[in-house]
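Novice: mmCIF, C-alpha atoms and all ligand atoms, saved as final.cif, coming up:
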```
data_input
#
loop_
_atom_site.group_PDB
_atom_site.id
_atom_site.type_symbol
_atom_site.label_atom_id
_atom_site.label_comp_id
_atom_site.auth_asym_id
_atom_site.auth_seq_id
_atom_site.Cartn_x
_atom_site.Cartn_y
_atom_site.Cartn_z
ATOM 1 C CA MET A 1 120.042 65.635 111.388
ATOM 2 C CA GLN A 2 116.616 66.497 110.007
ATOM 3 C CA ASP A 3 116.496 68.248 106.627
ATOM 4 C CA TYR A 4 114.565 71.484 107.066
ATOM 5 C CA ASN A 5 115.083 72.796 103.517
ATOM 6 C CA LEU A 6 111.538 72.057 102.361
ATOM 7 C CA TYR A 7 110.251 74.164 105.257
ATOM 8 C CA PHE A 8 112.677 77.014 104.534
ATOM 9 C CA ASP A 9 111.783 76.960 100.813
ATOM 10 C CA ALA A 10 108.057 77.170 101.565
ATOM 11 C CA ASN A 11 108.617 79.990 104.058
ATOM 12 C CA ARG A 12 110.787 81.874 101.548
ATOM 13 C CA ASP A 13 108.023 81.658 98.980
ATOM 14 C CA LEU A 14 105.506 83.123 101.440
ATOM 15 C CA TRP A 15 107.866 85.912 102.535
ATOM 16 C CA ASN A 16 108.495 86.768 98.884
ATOM 17 C CA GLN A 17 104.740 87.072 98.392
ATOM 18 C CA ARG A 18 104.336 89.150 101.567
ATOM 19 C CA THR A 19 107.152 91.585 100.795
ATOM 20 C CA VAL A 20 105.383 93.630 98.109
ATOM 21 C CA VAL A 21 102.130 93.719 100.084
ATOM 22 C CA HIS A 22 104.055 94.892 103.163
ATOM 23 C CA ARG A 23 106.032 97.489 101.221
ATOM 24 C CA ASP A 24 102.797 99.077 99.985
ATOM 25 C CA SER A 25 100.900 98.818 103.299
ATOM 26 C CA ALA A 26 99.887 101.541 105.746
ATOM 27 C CA PHE A 27 101.218 99.229 108.485
ATOM 28 C CA TYR A 28 104.858 99.645 107.386
ATOM 29 C CA ASN A 29 104.472 103.410 106.684
ATOM 30 C CA LEU A 30 107.148 103.461 104.000
ATOM 31 C CA ALA A 31 106.100 106.950 102.823
ATOM 32 C CA GLY A 32 106.520 108.328 106.349
ATOM 33 C CA PHE A 33 109.865 106.534 106.676
ATOM 34 C CA LYS A 34 111.084 108.069 103.414
ATOM 35 C CA ASP A 35 110.066 111.476 104.840
ATOM 36 C CA GLY A 36 112.295 110.878 107.867
ATOM 37 C CA GLU A 37 109.951 109.268 110.433
ATOM 38 C CA THR A 38 111.487 106.547 112.585
ATOM 39 C CA VAL A 39 110.003 103.046 112.329
ATOM 40 C CA LEU A 40 111.971 101.526 115.190
ATOM 41 C CA THR A 41 109.960 101.295 118.389
ATOM 42 C CA PRO A 42 110.721 102.993 121.733
ATOM 43 C CA ILE A 43 111.554 99.530 123.150
ATOM 44 C CA GLU A 44 114.697 98.899 121.090
ATOM 45 C CA LEU A 45 115.533 102.592 120.739
ATOM 46 C CA THR A 46 115.721 102.901 124.541
ATOM 47 C CA GLU A 47 117.245 99.517 125.317
ATOM 48 C CA LEU A 48 119.868 99.344 122.562
ATOM 49 C CA GLY A 49 120.675 103.044 122.719
ATOM 50 C CA ASP A 50 123.131 104.980 120.611
ATOM 51 C CA VAL A 51 124.440 103.101 117.558
ATOM 52 C CA LYS A 52 126.386 105.976 116.012
ATOM 53 C CA GLY A 53 129.694 104.807 114.550
ATOM 54 C CA LYS A 54 128.948 101.144 115.364
ATOM 55 C CA THR A 55 128.838 98.228 112.948
ATOM 56 C CA LEU A 56 125.468 96.444 113.150
ATOM 57 C CA LEU A 57 124.398 93.088 111.712
ATOM 58 C CA HIS A 58 120.603 92.913 111.320
ATOM 59 C CA LEU A 59 119.302 89.333 111.216
ATOM 60 C CA GLN A 60 116.068 88.660 109.281
ATOM 61 C CA CYS A 61 115.871 92.274 108.139
ATOM 62 C CA HIS A 62 112.805 91.834 105.864
ATOM 63 C CA PHE A 63 112.834 94.649 103.227
ATOM 64 C CA GLY A 64 115.263 96.715 105.232
ATOM 65 C CA MET A 65 113.267 99.491 106.905
ATOM 66 C CA ASP A 66 114.604 98.866 110.420
ATOM 67 C CA SER A 67 118.113 98.268 109.023
ATOM 68 C CA LEU A 68 118.008 101.580 107.176
ATOM 69 C CA ASP A 69 116.568 103.329 110.219
ATOM 70 C CA TRP A 70 119.644 102.184 112.213
ATOM 71 C CA ALA A 71 121.795 103.345 109.274
ATOM 72 C CA ARG A 72 120.148 106.769 109.436
ATOM 73 C CA LYS A 73 121.045 106.825 113.137
ATOM 74 C CA GLY A 74 124.705 106.409 112.228
ATOM 75 C CA ALA A 75 125.332 102.644 112.257
ATOM 76 C CA LYS A 76 127.159 100.830 109.468
ATOM 77 C CA VAL A 77 124.559 98.155 108.760
ATOM 78 C CA THR A 78 124.575 94.733 107.115
ATOM 79 C CA GLY A 79 121.139 93.083 106.758
ATOM 80 C CA VAL A 80 120.511 89.382 106.186
ATOM 81 C CA ASP A 81 117.285 87.747 105.028
ATOM 82 C CA LEU A 82 116.076 84.530 103.400
ATOM 83 C CA SER A 83 113.702 86.273 100.985
ATOM 84 C CA ASP A 84 115.318 87.346 97.708
ATOM 85 C CA LYS A 85 112.396 89.691 97.053
ATOM 86 C CA ALA A 86 112.883 91.373 100.452
ATOM 87 C CA ILE A 87 116.620 91.814 99.844
ATOM 88 C CA GLU A 88 115.922 93.243 96.370
ATOM 89 C CA GLU A 89 113.532 95.810 97.905
ATOM 90 C CA ALA A 90 115.986 96.601 100.734
ATOM 91 C CA GLU A 91 118.759 97.293 98.220
ATOM 92 C CA LYS A 92 116.446 99.565 96.185
ATOM 93 C CA LEU A 93 115.440 101.499 99.295
ATOM 94 C CA ASN A 94 119.064 101.835 100.425
ATOM 95 C CA LYS A 95 119.937 103.355 97.054
ATOM 96 C CA GLU A 96 116.902 105.624 96.954
ATOM 97 C CA LEU A 97 117.674 106.992 100.425
ATOM 98 C CA GLY A 98 121.388 107.387 99.649
ATOM 99 C CA LEU A 99 122.454 105.216 102.590
ATOM 100 C CA ASN A 100 125.417 102.833 102.775
ATOM 101 C CA ALA A 101 123.888 99.646 104.214
ATOM 102 C CA SER A 102 124.600 96.327 102.548
ATOM 103 C CA PHE A 103 122.311 93.331 102.292
ATOM 104 C CA VAL A 104 122.884 89.592 101.979
ATOM 105 C CA CYS A 105 120.318 87.027 100.887
ATOM 106 C CA CYS A 106 120.782 83.793 102.839
ATOM 107 C CA ASN A 107 119.302 81.607 105.498
ATOM 108 C CA VAL A 108 120.115 83.323 108.789
ATOM 109 C CA LEU A 109 121.568 80.044 110.054
ATOM 110 C CA ASP A 110 124.140 80.216 107.218
ATOM 111 C CA THR A 111 125.151 83.833 107.911
ATOM 112 C CA SER A 112 128.732 82.958 108.855
ATOM 113 C CA LYS A 113 129.245 81.344 105.431
ATOM 114 C CA PHE A 114 128.390 84.625 103.697
ATOM 115 C CA VAL A 115 129.425 87.316 106.193
ATOM 116 C CA LYS A 116 132.927 87.089 107.633
ATOM 117 C CA GLU A 117 133.095 90.430 109.473
ATOM 118 C CA GLN A 118 132.598 90.686 113.244
ATOM 119 C CA PHE A 119 130.206 93.387 114.449
ATOM 120 C CA ASP A 120 129.770 95.712 117.434
ATOM 121 C CA ILE A 121 126.049 94.855 117.477
ATOM 122 C CA VAL A 122 123.931 91.937 116.262
ATOM 123 C CA PHE A 123 120.250 92.910 116.194
ATOM 124 C CA THR A 124 117.006 91.055 115.444
ATOM 125 C CA SER A 125 113.392 91.943 116.168
ATOM 126 C CA TYR A 126 109.680 91.067 116.096
ATOM 127 C CA GLY A 127 108.823 87.882 114.260
ATOM 128 C CA THR A 128 112.181 86.248 113.625
ATOM 129 C CA ILE A 129 113.106 83.183 115.709
ATOM 130 C CA GLY A 130 109.730 81.495 115.183
ATOM 131 C CA TRP A 131 110.919 80.674 111.636
ATOM 132 C CA LEU A 132 113.895 78.706 112.958
ATOM 133 C CA PRO A 133 113.665 75.049 113.973
ATOM 134 C CA ASP A 134 116.705 75.009 116.185
ATOM 135 C CA LEU A 135 118.215 77.885 118.133
ATOM 136 C CA GLU A 136 121.588 76.355 118.993
ATOM 137 C CA PRO A 137 123.143 77.045 115.560
ATOM 138 C CA TRP A 138 121.493 80.481 115.602
ATOM 139 C CA ALA A 139 123.140 81.395 118.935
ATOM 140 C CA LYS A 140 126.483 79.944 117.805
ATOM 141 C CA MET A 141 126.349 82.102 114.649
ATOM 142 C CA ILE A 142 125.527 85.226 116.744
ATOM 143 C CA ALA A 143 128.585 84.594 118.940
ATOM 144 C CA GLU A 144 130.740 84.076 115.831
ATOM 145 C CA ARG A 145 129.611 87.346 114.276
ATOM 146 C CA LEU A 146 130.096 89.506 117.389
ATOM 147 C CA LYS A 147 133.383 91.171 118.281
ATOM 148 C CA PRO A 148 134.587 90.374 121.807
ATOM 149 C CA GLY A 149 132.629 92.775 124.027
ATOM 150 C CA GLY A 150 129.991 93.199 121.278
ATOM 151 C CA THR A 151 126.258 93.405 122.021
ATOM 152 C CA PHE A 152 123.451 91.090 120.950
ATOM 153 C CA TYR A 153 119.934 92.562 121.154
ATOM 154 C CA ILE A 154 116.608 90.893 120.451
ATOM 155 C CA ALA A 155 113.046 92.214 120.837
ATOM 156 C CA GLU A 156 110.612 89.406 120.052
ATOM 157 C CA PHE A 157 106.993 88.375 120.508
ATOM 158 C CA HIS A 158 106.631 86.450 123.730
ATOM 159 C CA PRO A 159 106.113 82.659 123.479
ATOM 160 C CA MET A 160 102.955 83.113 125.625
ATOM 161 C CA VAL A 161 101.311 84.769 122.601
ATOM 162 C CA TRP A 162 102.034 81.815 120.325
ATOM 163 C CA VAL A 163 100.238 79.269 122.531
ATOM 164 C CA PHE A 164 96.871 80.717 121.412
ATOM 165 C CA ASP A 165 94.790 80.194 118.287
ATOM 166 C CA ASP A 166 94.758 83.177 115.873
ATOM 167 C CA ASP A 167 91.685 84.706 117.542
ATOM 168 C CA PHE A 168 93.029 84.273 121.082
ATOM 169 C CA THR A 169 90.016 82.250 122.209
ATOM 170 C CA HIS A 170 91.824 79.151 123.498
ATOM 171 C CA ILE A 171 95.224 77.551 124.055
ATOM 172 C CA LYS A 172 96.131 75.575 120.941
ATOM 173 C CA TYR A 173 99.915 75.084 120.875
ATOM 174 C CA SER A 174 102.623 74.104 123.314
ATOM 175 C CA TYR A 175 104.583 76.889 125.008
ATOM 176 C CA GLU A 176 107.835 75.121 124.214
ATOM 177 C CA LYS A 177 109.199 73.601 121.040
ATOM 178 C CA THR A 178 107.667 70.235 120.342
ATOM 179 C CA GLU A 179 107.186 69.630 116.651
ATOM 180 C CA VAL A 180 106.888 71.923 113.628
ATOM 181 C CA ILE A 181 103.675 73.990 113.500
ATOM 182 C CA VAL A 182 102.165 73.800 110.015
ATOM 183 C CA THR A 183 99.537 76.384 109.104
ATOM 184 C CA GLU A 184 97.676 77.187 105.928
ATOM 185 C CA ASN A 185 98.465 80.859 105.488
ATOM 186 C CA GLU A 186 95.669 83.338 104.751
ATOM 187 C CA GLY A 187 96.557 86.953 103.966
ATOM 188 C CA THR A 188 99.143 88.662 106.114
ATOM 189 C CA TYR A 189 99.277 90.817 109.231
ATOM 190 C CA THR A 190 99.149 94.047 107.195
ATOM 191 C CA ASP A 191 96.136 92.904 105.131
ATOM 192 C CA ARG A 192 94.111 89.868 106.235
ATOM 193 C CA ASN A 193 92.499 89.648 102.770
ATOM 194 C CA ALA A 194 95.693 89.816 100.701
ATOM 195 C CA ASP A 195 96.009 87.078 98.107
ATOM 196 C CA ILE A 196 98.935 85.298 99.756
ATOM 197 C CA LYS A 197 98.690 81.541 99.829
ATOM 198 C CA GLY A 198 100.811 78.631 100.964
ATOM 199 C CA LYS A 199 101.744 76.509 103.929
ATOM 200 C CA GLU A 200 103.989 78.054 106.545
ATOM 201 C CA TYR A 201 106.237 76.265 109.001
ATOM 202 C CA SER A 202 107.164 77.652 112.395
ATOM 203 C CA TRP A 203 108.382 76.663 115.840
ATOM 204 C CA ASN A 204 107.649 77.979 119.327
ATOM 205 C CA HIS A 205 110.650 78.774 121.491
ATOM 206 C CA SER A 206 110.262 79.099 125.245
ATOM 207 C CA ILE A 207 112.062 81.799 127.194
ATOM 208 C CA SER A 208 114.283 79.200 128.878
ATOM 209 C CA GLU A 209 115.337 77.834 125.475
ATOM 210 C CA VAL A 210 116.342 81.310 124.259
ATOM 211 C CA LEU A 211 118.252 82.111 127.462
ATOM 212 C CA ASN A 212 120.030 78.760 127.530
ATOM 213 C CA VAL A 213 121.207 78.782 123.907
ATOM 214 C CA LEU A 214 122.631 82.282 124.309
ATOM 215 C CA ILE A 215 124.361 81.395 127.597
ATOM 216 C CA GLY A 216 125.618 78.169 125.987
ATOM 217 C CA ALA A 217 127.124 80.174 123.111
ATOM 218 C CA GLY A 218 129.162 82.227 125.591
ATOM 219 C CA LEU A 219 127.018 85.361 125.866
ATOM 220 C CA ARG A 220 126.428 87.127 129.188
ATOM 221 C CA ILE A 221 122.851 88.337 129.530
ATOM 222 C CA GLU A 222 122.779 91.839 130.930
ATOM 223 C CA MET A 223 119.124 92.812 130.432
ATOM 224 C CA PHE A 224 115.861 90.901 130.061
ATOM 225 C CA ASN A 225 112.437 92.594 129.996
ATOM 226 C CA GLU A 226 108.856 91.447 129.417
ATOM 227 C CA HIS A 227 106.420 93.966 127.947
ATOM 228 C CA MET A 228 102.674 93.623 128.467
ATOM 229 C CA TYR A 229 101.787 95.115 125.056
ATOM 230 C CA SER A 230 102.786 94.926 121.413
ATOM 231 C CA PRO A 231 104.334 97.982 119.713
ATOM 232 C CA TYR A 232 102.557 96.817 116.508
ATOM 233 C CA PRO A 233 98.895 96.024 115.764
ATOM 234 C CA CYS A 234 99.941 92.776 114.094
ATOM 235 C CA PHE A 235 97.545 90.360 115.830
ATOM 236 C CA ARG A 236 93.810 89.880 115.394
ATOM 237 C CA ASN A 237 91.599 91.530 118.057
ATOM 238 C CA VAL A 238 93.903 94.222 119.352
ATOM 239 C CA VAL A 239 93.113 97.521 121.023
ATOM 240 C CA GLU A 240 95.416 100.566 121.168
ATOM 241 C CA PHE A 241 95.341 101.654 124.808
ATOM 242 C CA GLU A 242 98.094 104.271 124.434
ATOM 243 C CA ALA A 243 99.705 105.689 121.304
ATOM 244 C CA GLY A 244 101.880 102.921 119.820
ATOM 245 C CA LYS A 245 100.887 100.261 122.408
ATOM 246 C CA TRP A 246 98.416 97.481 121.680
ATOM 247 C CA TYR A 247 96.767 94.952 124.004
ATOM 248 C CA ILE A 248 95.190 91.712 122.836
ATOM 249 C CA LYS A 249 91.459 92.096 123.617
ATOM 250 C CA GLY A 250 90.388 89.964 126.568
ATOM 251 C CA LEU A 251 93.998 89.521 127.729
ATOM 252 C CA GLU A 252 94.673 93.185 128.542
ATOM 253 C CA GLY A 253 97.635 93.425 130.877
ATOM 254 C CA LYS A 254 97.413 89.723 131.797
ATOM 255 C CA ILE A 255 100.167 88.197 129.671
ATOM 256 C CA PRO A 256 103.473 89.513 128.336
ATOM 257 C CA VAL A 257 103.258 90.147 124.585
ATOM 258 C CA VAL A 258 106.887 91.008 123.852
ATOM 259 C CA TYR A 259 110.228 90.328 125.508
ATOM 260 C CA SER A 260 113.581 91.978 124.958
ATOM 261 C CA LEU A 261 117.082 90.913 125.836
ATOM 262 C CA ARG A 262 120.545 92.388 125.631
ATOM 263 C CA ALA A 263 123.660 90.244 125.985
ATOM 264 C CA VAL A 264 127.382 90.744 125.669
ATOM 265 C CA LYS A 265 129.978 88.474 124.078
ATOM 266 C CA GLN A 266 132.581 87.886 126.757
HETATM 267 C C1 LIG B 301 108.398 89.507 110.471
HETATM 268 S S1 LIG B 301 109.778 89.710 109.440
HETATM 269 C C2 LIG B 301 110.957 90.335 110.532
HETATM 270 C C3 LIG B 301 111.181 91.499 110.864
HETATM 271 C C4 LIG B 301 110.872 92.879 111.056
HETATM 272 N N1 LIG B 301 110.340 92.998 112.382
HETATM 273 C C5 LIG B 301 109.934 93.481 110.065
HETATM 274 O O1 LIG B 301 108.721 93.356 110.267
HETATM 275 O O2 LIG B 301 110.387 94.110 109.118
HETATM 276 C C6 LIG B 301 110.432 88.074 109.266
HETATM 277 C C7 LIG B 301 111.590 87.987 108.256
HETATM 278 O O3 LIG B 301 112.286 86.764 108.521
HETATM 279 C C8 LIG B 301 112.736 86.260 107.270
HETATM 280 N N2 LIG B 301 113.056 84.838 107.447
HETATM 281 C C9 LIG B 301 112.222 83.794 107.709
HETATM 282 N N3 LIG B 301 112.922 82.659 107.847
HETATM 283 C C10 LIG B 301 114.236 82.989 107.668
HETATM 284 C C11 LIG B 301 115.447 82.245 107.668
HETATM 285 N N4 LIG B 301 115.461 80.938 107.905
HETATM 286 N N5 LIG B 301 116.592 82.905 107.432
HETATM 287 C C12 LIG B 301 116.614 84.244 107.181
HETATM 288 N N6 LIG B 301 115.501 85.004 107.163
HETATM 289 C C13 LIG B 301 114.322 84.381 107.403
HETATM 290 C C14 LIG B 301 111.590 86.529 106.327
HETATM 291 O O4 LIG B 301 111.996 86.489 104.978
HETATM 292 C C15 LIG B 301 111.136 87.917 106.808
HETATM 293 O O5 LIG B 301 111.732 88.918 106.039
#
```
As a first step, turn the structure in this file into structure tokens.

Specialist:
Amino acid sequence: MQDYNLYFDANRDLWNQRTVVHRDSAFYNLAGFKDGETVLTPIELTELGDVKGKTLLHLQCHFGMDSLDWARKGAKVTGVDLSDKAIEEAEKLNKELGLNASFVCCNVLDTSKFVKEQFDIVFTSYGTIGWLPDLEPWAKMIAERLKPGGTFYIAEFHPMVWVFDDDFTHIKYSYEKTEVIVTENEGTYTDRNADIKGKEYSWNHSISEVLNVLIGAGLRIEMFNEHMYSPYPCFRNVVEFEAGKWYIKGLEGKIPVVYSLRAVKQ
């Protein structure tokens, strides 16, 4: 089996650099969140529904804002992330807000080595699976960490978006996973001029790959939606056509930008 550790190490370094910039950005609206505003989007709030009293495992939780938002809505949350800096910030925020979430720093693919509990809900969203080379172990881990009858939910950027160059002028990458995509990182989505440097390594995952690994791991898919907009202005050349909904300029309403899926462990 291929050794991906060099890729994971490089990605960790970049996410460590991004964390502080993101924490202090207008994009993440940490001040508003501390004042009680929700940072989860209407997509997952509607499709996942009430989490009160449920245990929730949040995969690739970044510095914990979404995790802590679910905690404020009554879930007992455990967040997992590769970035030690992100986990450090998540733990600080948890303490500051007086919440009872817990956080674990590890590669998401190794979650079952570090977290033994089974959960009512496993949740992941917006910018997660593209950092994983292989989704079979990811899906297997999700099935391991769910209670029988438990729910897996993902909201993710659509693989159609990742076929384009950064400026959305032409098709540059394959829709499905071929080889690793290596890019020289410049800035970050919250600040294109931030001094964040390094190579990043990512993989495109087609919709059929995602569906098949989840089915193969024993999950029953009960909802799948494609959304023609992004709930975040995280790409270059976007236009807000309704409050909280962004189109990619030139592709308005022509391609799905996000998909969401809910599945149940049988
Ligand atoms: C775009 S953020 C994800 C989520 C969330 N939507 C947000 O913006 O807060 C991506 C997260 O994935 C984490 N990550 C990347 N590769 C990972 C891996 N192999 N295992 C665990 N976490 C990983 C990064 O550290 C980062 O915190």

Novice: Name the residues in contact with Leu56 of chain A at a cut-off of 6 Å, using all atoms listed in the file, excluding same-chain residues fewer than 3 positions from it; report them as a ChimeraX atom specification.

Specialist: /A:76-77,119,121-122

Novice: Which residue is closest to Tyr153 of chain A? Choose from A:Ala243, A:Val257, A:Ile221, A:Leu135 and count all atoms listed in the file.

Specialist: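 Result for the nearest residue to Tyr153 of chain A: A:Ile221.
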
Novice: List as a PyMOL selection string the protein and nucleic acid residues lying within 6 Å of ligand LIG 301 (chain B), with only C-alpha atoms and all ligand atoms counted.

Specialist: chain A and resi 8+12+15+60-62+81-83+107-108+125-128+131-132

Novice: So which residues get picked by the PyMOL selection byres (((chain A and resi 18-22) around 7) and not hetatm) here, written as a list of chain:residue names?

Specialist: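 Going through the file, the PyMOL selection byres (((chain A and resi 18-22) around 7) and not hetatm) ends up selecting A:Leu14, A:Trp15, A:Asn16, A:Gln17, A:Arg23, A:Asp24, A:Ser25, A:Tyr28, A:Phe63, A:Lys85, A:Ala86, A:Thr188, A:Thr190, A:Ile196.
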
Novice: What's the 7 Å shell around Ile248 of chain A, counting only C-alpha atoms, without same-chain residues fewer than 5 positions away, as a list in words?

Specialist: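 Near Ile248 of chain A, the qualifying residues are Asn237, Val238 and Val239 of chain A.
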
Novice: Once the PyMOL selection byres (((chain A and resi 71) around 10) and not hetatm) has been applied to the shown file, what residues remain in the selection, as a CSV table (one decimal) with C-alpha atoms, keeping the file's coordinate frame?

Specialist:
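That gives us part_22.csv:
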```
chain,number,residue,atom,x,y,z
A,51,VAL,CA,124.4,103.1,117.6
A,52,LYS,CA,126.4,106.0,116.0
A,53,GLY,CA,129.7,104.8,114.6
A,54,LYS,CA,128.9,101.1,115.4
A,55,THR,CA,128.8,98.2,112.9
A,56,LEU,CA,125.5,96.4,113.2
A,65,MET,CA,113.3,99.5,106.9
A,66,ASP,CA,114.6,98.9,110.4
A,67,SER,CA,118.1,98.3,109.0
A,68,LEU,CA,118.0,101.6,107.2
A,69,ASP,CA,116.6,103.3,110.2
A,70,TRP,CA,119.6,102.2,112.2
A,72,ARG,CA,120.1,106.8,109.4
A,73,LYS,CA,121.0,106.8,113.1
A,74,GLY,CA,124.7,106.4,112.2
A,75,ALA,CA,125.3,102.6,112.3
A,76,LYS,CA,127.2,100.8,109.5
A,77,VAL,CA,124.6,98.2,108.8
A,78,THR,CA,124.6,94.7,107.1
A,94,ASN,CA,119.1,101.8,100.4
A,99,LEU,CA,122.5,105.2,102.6
A,100,ASN,CA,125.4,102.8,102.8
A,101,ALA,CA,123.9,99.6,104.2
```

Novice: Can you list, as an MDAnalysis selection string, the residues that the PyMOL selection byres (((chain A and resi 265) around 6) and not hetatm) selects here?

Specialist: chainID A and resid 148:150 219 264 266

Novice: Between atom CA of Gly79 of chain A and atom CA of Asn5 of chain A, what distance in Å does the model show, to one decimal?

Specialist: 21.4 Å
